[in-house]
Each structure stands twice: as C-alpha cells, then as structure tokens.
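What follows is the content of entry-v5.txt (compact mmCIF, C-alpha atoms).
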```txt
# COMPACT_ATOMS: atom_id res chain seq x y z
CA MET A 6 -12.88 14.62 29.63
CA SER A 7 -11.35 17.18 27.26
CA GLU A 8 -12.86 17.72 23.84
CA CYS A 9 -11.32 15.68 21.00
CA THR A 10 -9.05 17.73 18.75
CA HIS A 11 -8.81 14.93 16.13
CA ASP A 12 -5.04 15.10 16.52
CA CYS A 13 -4.18 11.56 17.58
CA SER A 14 -0.58 12.49 18.33
CA SER A 15 -1.78 14.56 21.27
CA CYS A 16 -3.70 11.83 23.08
CA GLY A 17 -2.98 8.45 24.67
CA GLU A 18 -3.38 5.03 23.12
CA ASN A 19 -6.53 4.39 25.16
CA CYS A 20 -8.34 7.53 24.01
CA SER A 21 -12.00 6.64 23.50
CA SER A 22 -12.14 8.70 20.32
CA ARG A 23 -9.97 6.09 18.66
CA GLU A 24 -12.64 3.44 19.18
CA ILE A 25 -14.47 4.15 15.92
CA GLN A 26 -16.74 1.45 14.54
CA LYS A 27 -14.90 -0.28 11.70
CA LEU A 28 -16.57 -0.30 8.31
CA LYS A 29 -17.61 -3.54 6.63
CA PRO A 30 -17.55 -4.35 2.91
CA ASN A 31 -20.91 -4.56 1.16
CA GLU A 32 -23.12 -7.51 1.93
CA HIS A 33 -22.11 -9.30 -1.27
CA SER A 34 -18.38 -9.15 -0.52
CA SER A 35 -16.04 -10.88 1.91
CA ILE A 36 -12.46 -9.79 2.65
CA LYS A 37 -10.33 -11.97 4.92
CA LYS A 38 -7.16 -9.87 5.34
CA ILE A 39 -6.37 -6.21 4.63
CA TYR A 40 -2.88 -4.72 4.42
CA ALA A 41 -2.02 -1.07 3.80
CA VAL A 42 1.21 -0.06 2.05
CA VAL A 43 2.46 3.31 3.30
CA SER A 44 5.42 5.66 2.97
CA GLY A 45 6.56 8.75 4.80
CA LYS A 46 7.00 10.64 1.53
CA GLY A 47 6.29 10.25 -2.15
CA GLY A 48 8.57 8.91 -4.84
CA VAL A 49 10.02 5.94 -2.98
CA GLY A 50 8.21 3.22 -4.96
CA LYS A 51 5.24 2.56 -2.69
CA SER A 52 2.83 1.84 -5.56
CA MET A 53 5.32 -0.47 -7.22
CA VAL A 54 5.69 -2.40 -3.95
CA THR A 55 1.89 -2.60 -3.60
CA SER A 56 1.55 -4.08 -7.07
CA MET A 57 4.43 -6.50 -6.48
CA LEU A 58 2.89 -7.74 -3.22
CA SER A 59 -0.49 -8.26 -4.87
CA VAL A 60 1.10 -10.13 -7.80
CA LEU A 61 3.16 -12.41 -5.55
CA THR A 62 0.13 -13.16 -3.36
CA ASN A 63 -1.93 -13.91 -6.46
CA ARG A 64 0.79 -16.27 -7.72
CA LYS A 65 0.40 -18.30 -4.52
CA GLY A 66 -3.19 -19.00 -5.51
CA TYR A 67 -5.01 -16.45 -3.36
CA LYS A 68 -7.82 -14.18 -4.53
CA VAL A 69 -6.40 -10.64 -4.34
CA GLY A 70 -7.72 -7.08 -4.65
CA VAL A 71 -6.01 -3.69 -4.71
CA MET A 72 -7.60 -0.43 -3.54
CA ASP A 73 -5.85 2.69 -4.80
CA ALA A 74 -6.35 5.08 -1.87
CA ASP A 75 -4.09 7.73 -3.37
CA ILE A 76 -7.09 9.62 -4.75
CA THR A 77 -5.23 12.69 -5.99
CA GLY A 78 -2.27 10.74 -7.37
CA PRO A 79 -3.60 7.33 -8.44
CA SER A 80 -1.18 4.98 -10.18
CA MET A 81 -2.56 1.44 -9.91
CA CYS A 82 -4.13 1.54 -13.38
CA ASN A 83 -0.72 2.35 -14.80
CA GLU A 84 0.97 -0.42 -12.80
CA PHE A 85 -1.39 -3.03 -14.30
CA GLY A 86 -2.05 -1.49 -17.72
CA LEU A 87 -5.76 -0.90 -17.02
CA THR A 88 -7.61 1.67 -19.16
CA GLY A 89 -11.15 2.98 -19.49
CA LYS A 90 -13.91 3.40 -16.95
CA THR A 91 -15.36 0.94 -14.49
CA SER A 92 -19.03 -0.01 -14.41
CA GLY A 93 -21.66 -1.02 -11.90
CA CYS A 94 -23.93 -3.97 -11.25
CA ASP A 95 -26.78 -4.87 -8.90
CA PHE A 96 -24.21 -5.62 -6.17
CA GLY A 97 -22.23 -2.38 -6.38
CA ILE A 98 -19.35 -0.76 -8.25
CA MET A 99 -17.36 -3.28 -10.27
CA PRO A 100 -13.57 -3.27 -9.92
CA MET A 101 -11.50 -3.88 -13.01
CA THR A 102 -9.75 -7.23 -13.34
CA THR A 103 -6.16 -7.65 -14.51
CA PRO A 104 -5.19 -10.46 -16.93
CA THR A 105 -4.16 -12.72 -14.03
CA GLY A 106 -7.30 -12.04 -12.00
CA ILE A 107 -6.35 -9.25 -9.55
CA GLU A 108 -9.29 -6.95 -8.73
CA VAL A 109 -8.42 -3.23 -8.82
CA ILE A 110 -10.31 -0.04 -8.00
CA SER A 111 -8.78 3.40 -8.61
CA MET A 112 -9.95 6.98 -9.05
CA ASN A 113 -8.65 7.00 -12.63
CA MET A 114 -11.45 4.57 -13.50
CA PHE A 115 -13.98 7.36 -12.89
CA LEU A 116 -12.27 10.19 -14.79
CA ASN A 117 -12.95 11.20 -18.38
CA ASN A 118 -9.20 11.65 -18.83
CA PRO A 119 -6.61 9.96 -16.58
CA SER A 120 -4.61 13.21 -16.51
CA ASP A 121 -7.54 15.23 -15.10
CA PRO A 122 -6.70 16.51 -11.59
CA VAL A 123 -8.82 15.64 -8.56
CA VAL A 124 -9.06 18.93 -6.67
CA TRP A 125 -11.08 18.00 -3.60
CA ARG A 126 -10.99 18.77 0.08
CA GLY A 127 -10.34 16.17 2.77
CA SER A 128 -13.96 15.30 3.54
CA MET A 129 -14.67 14.35 -0.09
CA LEU A 130 -11.47 12.34 -0.33
CA ASN A 131 -12.36 10.45 2.84
CA GLY A 132 -15.82 9.74 1.43
CA VAL A 133 -14.28 8.11 -1.65
CA ILE A 134 -12.16 5.84 0.56
CA ASN A 135 -15.30 4.65 2.35
CA GLN A 136 -17.07 4.11 -0.98
CA PHE A 137 -14.15 2.14 -2.41
CA PHE A 138 -14.41 -0.20 0.56
CA GLN A 139 -18.17 -0.41 1.09
CA ASP A 140 -19.71 0.16 -2.34
CA VAL A 141 -17.32 -1.87 -4.50
CA PHE A 142 -18.37 -5.44 -5.26
CA TRP A 143 -15.13 -7.15 -4.25
CA GLY A 144 -16.64 -10.64 -4.15
CA ASP A 145 -14.69 -13.07 -1.98
CA LEU A 146 -11.12 -11.85 -1.43
CA ASP A 147 -8.40 -13.53 0.56
CA TYR A 148 -6.27 -10.36 0.60
CA LEU A 149 -6.90 -6.68 -0.09
CA TYR A 150 -3.88 -4.39 -0.45
CA ILE A 151 -4.43 -0.66 -0.03
CA ASP A 152 -2.02 1.67 -1.81
CA MET A 153 -1.95 4.70 0.50
CA PRO A 154 -1.05 8.30 -0.29
CA PRO A 155 2.32 9.35 1.15
CA GLY A 156 2.60 10.98 4.55
CA THR A 157 0.52 10.90 7.73
CA GLY A 158 -2.40 13.08 6.72
CA ASP A 159 -6.16 12.82 6.49
CA ILE A 160 -6.57 9.73 4.29
CA PRO A 161 -4.12 7.52 6.24
CA LEU A 162 -5.91 8.54 9.43
CA THR A 163 -9.29 7.66 7.88
CA VAL A 164 -8.03 4.27 6.67
CA PHE A 165 -6.43 3.37 10.01
CA GLN A 166 -9.49 4.43 11.99
CA SER A 167 -12.29 3.24 9.71
CA LEU A 168 -11.08 0.08 7.98
CA PRO A 169 -10.23 -3.24 9.69
CA ILE A 170 -6.52 -3.15 8.82
CA ASP A 171 -4.57 -6.30 9.72
CA GLY A 172 -1.18 -4.67 9.25
CA ILE A 173 0.92 -2.23 7.27
CA ILE A 174 4.03 -2.41 5.14
CA VAL A 175 6.27 0.68 5.19
CA VAL A 176 8.26 1.56 2.06
CA THR A 177 11.37 3.72 2.19
CA SER A 178 14.64 4.49 0.38
CA PRO A 179 18.19 4.72 1.79
CA GLN A 180 18.56 8.50 2.21
CA ASP A 181 18.85 9.71 5.82
CA LEU A 182 16.06 12.25 5.40
CA VAL A 183 13.67 9.60 4.12
CA SER A 184 14.54 7.31 7.04
CA MET A 185 13.63 10.10 9.44
CA ILE A 186 10.30 10.63 7.67
CA VAL A 187 9.63 6.88 7.73
CA GLU A 188 9.79 6.99 11.51
CA LYS A 189 6.82 9.37 11.43
CA ALA A 190 4.77 6.78 9.53
CA VAL A 191 5.89 4.03 11.90
CA LYS A 192 4.99 6.14 14.94
CA MET A 193 1.56 6.93 13.46
CA ALA A 194 0.88 3.21 13.01
CA LYS A 195 1.90 2.60 16.61
CA LEU A 196 -0.40 5.39 17.82
CA MET A 197 -3.30 3.86 15.88
CA ASN A 198 -2.51 0.34 17.18
CA VAL A 199 -1.93 -1.01 13.67
CA PRO A 200 0.70 -3.79 13.46
CA ILE A 201 3.73 -3.17 11.24
CA VAL A 202 4.34 -6.30 9.18
CA GLY A 203 7.57 -5.24 7.53
CA LEU A 204 9.81 -2.57 6.04
CA VAL A 205 10.77 -2.46 2.37
CA GLN A 206 13.75 -0.38 1.29
CA ASN A 207 13.63 0.48 -2.39
CA LEU A 208 16.63 1.68 -4.44
CA SER A 209 18.87 -0.18 -2.00
CA TYR A 210 21.73 -1.10 -4.33
CA PHE A 211 22.78 -1.58 -7.92
CA GLU A 212 24.15 -4.97 -8.91
CA CYS A 213 26.75 -4.72 -11.66
CA PRO A 214 25.75 -7.09 -14.50
CA ASN A 215 29.41 -7.87 -15.17
CA CYS A 216 31.11 -8.35 -11.79
CA LYS A 217 27.87 -8.97 -9.80
CA ASN A 218 29.10 -6.70 -6.99
CA LYS A 219 26.52 -4.61 -5.18
CA HIS A 220 27.04 -0.84 -5.22
CA PHE A 221 25.15 1.24 -2.64
CA ILE A 222 24.69 4.38 -4.70
CA PHE A 223 22.48 6.17 -2.15
CA GLY A 224 24.27 4.73 0.89
CA GLU A 225 23.18 1.73 2.90
CA GLY A 226 20.48 3.61 4.80
CA LYS A 227 19.29 3.26 8.38
CA ILE A 228 16.41 0.87 7.87
CA GLU A 229 17.91 -1.74 10.21
CA GLU A 230 18.18 0.85 12.97
CA VAL A 231 14.53 1.82 12.49
CA ALA A 232 13.55 -1.86 12.58
CA ARG A 233 15.44 -2.42 15.84
CA ASN A 234 13.99 0.67 17.47
CA TYR A 235 10.42 -0.40 16.72
CA GLU A 236 10.88 -4.18 17.00
CA ILE A 237 10.08 -4.89 13.35
CA ASP A 238 11.44 -8.28 12.34
CA SER A 239 10.98 -8.21 8.55
CA ILE A 240 13.15 -6.13 6.19
CA SER A 241 13.20 -6.46 2.41
CA TYR A 242 15.57 -4.76 -0.03
CA LEU A 243 14.70 -3.85 -3.61
CA PRO A 244 17.56 -3.09 -6.02
CA ILE A 245 17.90 -0.32 -8.57
CA ASP A 246 16.68 -2.48 -11.44
CA PRO A 247 15.76 -0.98 -14.83
CA LYS A 248 13.57 -4.01 -15.54
CA LEU A 249 11.40 -3.33 -12.48
CA ALA A 250 11.05 0.32 -13.46
CA GLU A 251 10.17 -0.68 -17.02
CA SER A 252 7.52 -3.15 -15.81
CA SER A 253 5.99 -0.46 -13.61
CA ASP A 254 6.01 2.22 -16.30
CA ASN A 255 4.56 -0.06 -18.98
CA GLY A 256 1.77 -1.68 -16.97
CA MET A 257 3.52 -5.06 -16.91
CA MET A 258 3.94 -5.63 -13.16
CA GLU A 259 2.13 -8.97 -13.31
CA TRP A 260 5.13 -10.42 -15.15
CA PHE A 261 8.00 -9.06 -13.07
CA GLN A 262 10.67 -11.50 -11.90
CA GLY A 263 12.59 -11.44 -8.63
CA ASP A 264 12.54 -12.94 -5.14
CA TYR A 265 13.10 -9.66 -3.25
CA LEU A 266 9.76 -9.75 -1.39
CA ASP A 267 9.38 -13.52 -0.96
CA SER A 268 10.13 -13.53 2.77
CA LEU A 269 7.59 -10.74 3.35
CA ILE A 270 4.94 -12.60 1.37
CA GLU A 271 5.59 -15.73 3.43
CA LYS A 272 4.98 -13.69 6.58
CA ILE A 273 1.80 -12.13 5.21
CA THR A 274 0.30 -15.41 3.97
CA LYS A 275 1.39 -17.79 6.72
```
Kindly transcribe the structure held in the file into structure tokens.
Amino acid sequence: MSECTHDCSSCGENCSSREIQKLKPNEHSSIKKIYAVVSGKGGVGKSMVTSMLSVLTNRKGYKVGVMDADITGPSMCNEFGLTGKTSGCDFGIMPMTTPTGIEVISMNMFLNNPSDPVVWRGSMLNGVINQFFQDVFWGDLDYLYIDMPPGTGDIPLTVFQSLPIDGIIVVTSPQDLVSMIVEKAVKMAKLMNVPIVGLVQNLSYFECPNCKNKHFIFGEGKIEEVARNYEIDSISYLPIDPKLAESSDNGMMEWFQGDYLDSLIEKITK
C-alpha cells in the first residue's frame, strides 16, 4: 500500500485513510442531525443561508445550533446580533443563545475585539473545529448547522472526515466562474462520501416592486446543469433583496420573511 499523501483527490473512494473515527459531542450533549453549508468561493451569501436555514428550522419547533467553522472570517455573531464573550460551565464551553433560542458558537466570542485577526496555521484551526464540536455544551440539539469557510481546503476536509455530517448544502451565485468553482465543492463532497442535500443560488434575480417582473441581472446561471450532472434534486433560488441584506447586516436574521428555502427545509426535516 502506498503512503497516504493526505490529498483525497488522488485516491479512490475506498481508501482506508478516509475511515477516520468520527468525533462525538461531549457526554452532556446530544446532536441528532448535522448539516454543513459550503461554497466554492467567498462572497456568495453562505453565512446568510446558514442563518436562514437555522431560523426556519427553529420556527418549525426544533432545537437548533449553529457552529461557525469559518475561524478566520467568522460572521455568525453579526448575523444574529450577538456581542461579548462566551463563558464556561461544569459541562463545557457555553454557546450564546439568540432571542429565539438558537445556540451559536463562533470565534468572535473568544476575541477581545471582533475585528482582531486570527492568524493561525491549519493545525490550530483544525483544533478549534474539534473543540467547537466536542468541548461546547450543546445540550440536546435536533439540528446543528455548520457554517464552513469557502473553498475545499483544510477545514472542510477536517469537518468532512472528523464530524458525523448527515449532508451538505452548497451555496452559489449565477456567474459562470462561480458555477465552475461550485463543482469543485460538489466533487469534494462526493469524494468524501457526504450526501449533497441541495443547492442554493443566491443573487438569482431582482423582482421589480412595480411590475413584479423578474430581472436576471447576473444571468440565469448554470445551477440546474450542475444539479443534473450530480443528481441533486433540490434547488433553491434567493433573490437580490435589500431587506435580506439589511437583516443580515443588522443582526436581524431571526425576523426575515420569505419562503425561498421552504422546500429545502422540508427535505432536511422530513
């Protein structure tokens, strides 16, 4: 057997090095389902989609948590308007709780100033991911959403290999280049044997408030072609909506309105 290079793209799906023992949450926590939200590149609205999914799942009466795995570019505190530092208890690190009861853990909760950079190498970043999963007192969660950093680098590989992921949601935008990059994320999930639950295309169209016609400012994209190629049966489209952007920027995502992700939520919670 050849020595493992840790480059999963160079080996087969049955490579024994992929069979890494999955981590478990701490003994005082229980998590039923875990979904990771990924994107091929940054700036396509992945964190906004993560927060929307967690809010919609919470509205259905489930107990929900969010792990911000984008250690060097965390944004979940901003999405939910959370400030200050987290604390600990006898059972582990305490996540912060949003007004509607969503549990959140993010690197910004450990910084003296939210704008302070996290300048760490991969091994330290991976260690934080493991701590967020194992050392946080999540309690009893029905669903945990993981907001991933963009791309197919070290942290996504750690999450896919180490955590018991039930599926991923891939976020994209209509530009051709982004669609090509999304295929990289989809292929990585396939290589790691992680099911793809659905695709979400952000910035899909602008609906004129007067005539109600939809205008595809960035083109209509190739998300349906990607879905066909990889046998993904769930596609959701988010519009260019100033109200969504305002909710995200002002920490008000728990009160957003819109049915754009309802079909995806039905698939996740069925």
- Pick out the closest residue to Ser35 (chain A) from this set: A:Gly172, A:Gly132, A:Gly106, A:Gly144. Count only C-alpha atoms. A:Gly144
- Determine the nearest neighbour of Val43 (chain A) from the options A:Asp121, A:Asp75, A:Asp147, A:Asp152, counting all atoms listed in the file. A:Asp152
- Rank A:Ile240, A:Val191, A:Met53, A:Ala74 by their smallest atom-to-atom distance to Thr163 (chain A), using all atoms listed in the file, and report the top residue only.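 Residue with the minimum atom-to-atom distance to Thr163 (chain A): A:Ala74.
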- With a distance cut-off of 7 Å and only C-alpha atoms, select the neighbouring residues of region 207-211 of chain A, excluding the residue or stretch itself and same-chain residues fewer than 6 positions from it, and output the selection as number ranges by chain. A: 49-50, 177-179, 219-222, 225, 242-245
Just the selected residues (C-alpha atoms), exported as a compact mmCIF listing (two decimals), in the frame of the given file, please.
```txt
# COMPACT_ATOMS: atom_id res chain seq x y z
CA VAL A 49 10.02 5.94 -2.98
CA GLY A 50 8.21 3.22 -4.96
CA THR A 177 11.37 3.72 2.19
CA SER A 178 14.64 4.49 0.38
CA PRO A 179 18.19 4.72 1.79
CA LYS A 219 26.52 -4.61 -5.18
CA HIS A 220 27.04 -0.84 -5.22
CA PHE A 221 25.15 1.24 -2.64
CA ILE A 222 24.69 4.38 -4.70
CA GLU A 225 23.18 1.73 2.90
CA TYR A 242 15.57 -4.76 -0.03
CA LEU A 243 14.70 -3.85 -3.61
CA PRO A 244 17.56 -3.09 -6.02
CA ILE A 245 17.90 -0.32 -8.57
```
- Name all residues at most 8 Å from Lys38 (chain A) (count all atoms listed in the file; drop same-chain ones fewer than 5 positions away) and give them as an NGL selection string. :A and (147-149 or 170-171)
- Item | Coordinates-based distance that separates CA of Ser252 (chain A) from CA of Lys51 (chain A) (Å, one decimal) |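 According to the coordinates, CA of Lys51 (chain A) and CA of Ser252 (chain A) are separated by 14.5 Å.
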- Task: Go through A:Gly203, A:Pro104, A:Gly97, A:Gly224 and flag the residue nearest Glu32 (chain A), using only C-alpha atoms for the distances.
- Result: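 Using only C-alpha atoms, the shortest distance to Glu32 (chain A) belongs to A:Gly97.
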- Note on the structure: Restricting to all atoms listed in the file, whichever of A:Val175, A:Val123, A:Val141, A:Leu130 is closest to Val109 (chain A) is A:Val141
- Task: Report the distance between CA of Arg126 (chain A) and CA of Pro154 (chain A) in Å, rounded to one decimal place.
- Result: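 That distance, rounded to one decimal, is 14.4 Å.
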- Message: I'd like the neighbourhood of Ile36 (chain A) as a list of chain:residue names, where a residue qualifies if any of its atoms comes within 12 Å (using only C-alpha atoms), though same-chain residues fewer than 5 positions away should be ignored.
- Response: A:Leu28, A:Lys29, A:Pro30, A:Asn31, A:Tyr67, A:Lys68, A:Val69, A:Gly70, A:Val71, A:Phe138, A:Gln139, A:Val141, A:Phe142, A:Trp143, A:Gly144, A:Asp145, A:Leu146, A:Asp147, A:Tyr148, A:Leu149, A:Tyr150, A:Leu168, A:Pro169, A:Ile170, A:Asp171
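Relative to CA of Met197 (chain A), CA of Phe165 (chain A) is found at 6.7 Å.
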- Message: Need the shell around Lys272 (chain A): protein/DNA/RNA residues with any atom at most 10 Å away, counting all atoms listed in the file. Skip same-chain ones fewer than 2 positions apart. Format as a list of chain:residue names?
- Response: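 Near Lys272 (chain A), the qualifying residues are A:Val202, A:Gly203, A:Ser239, A:Asp267, A:Ser268, A:Leu269, A:Ile270, A:Thr274, A:Lys275.
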- Of the candidates A:Asn118, A:Gln206, A:Ser44, A:Asn83, which shows the shortest atom-to-atom distance to Ser253 (chain A), using only C-alpha atoms? A:Asn83
- Spatial neighbours of Asn117 (chain A), max dist 9 Å, all atoms listed in the file, sep filter under 3 positions, as a PyMOL selection string: chain A and resi 89-90+113-114+120-121
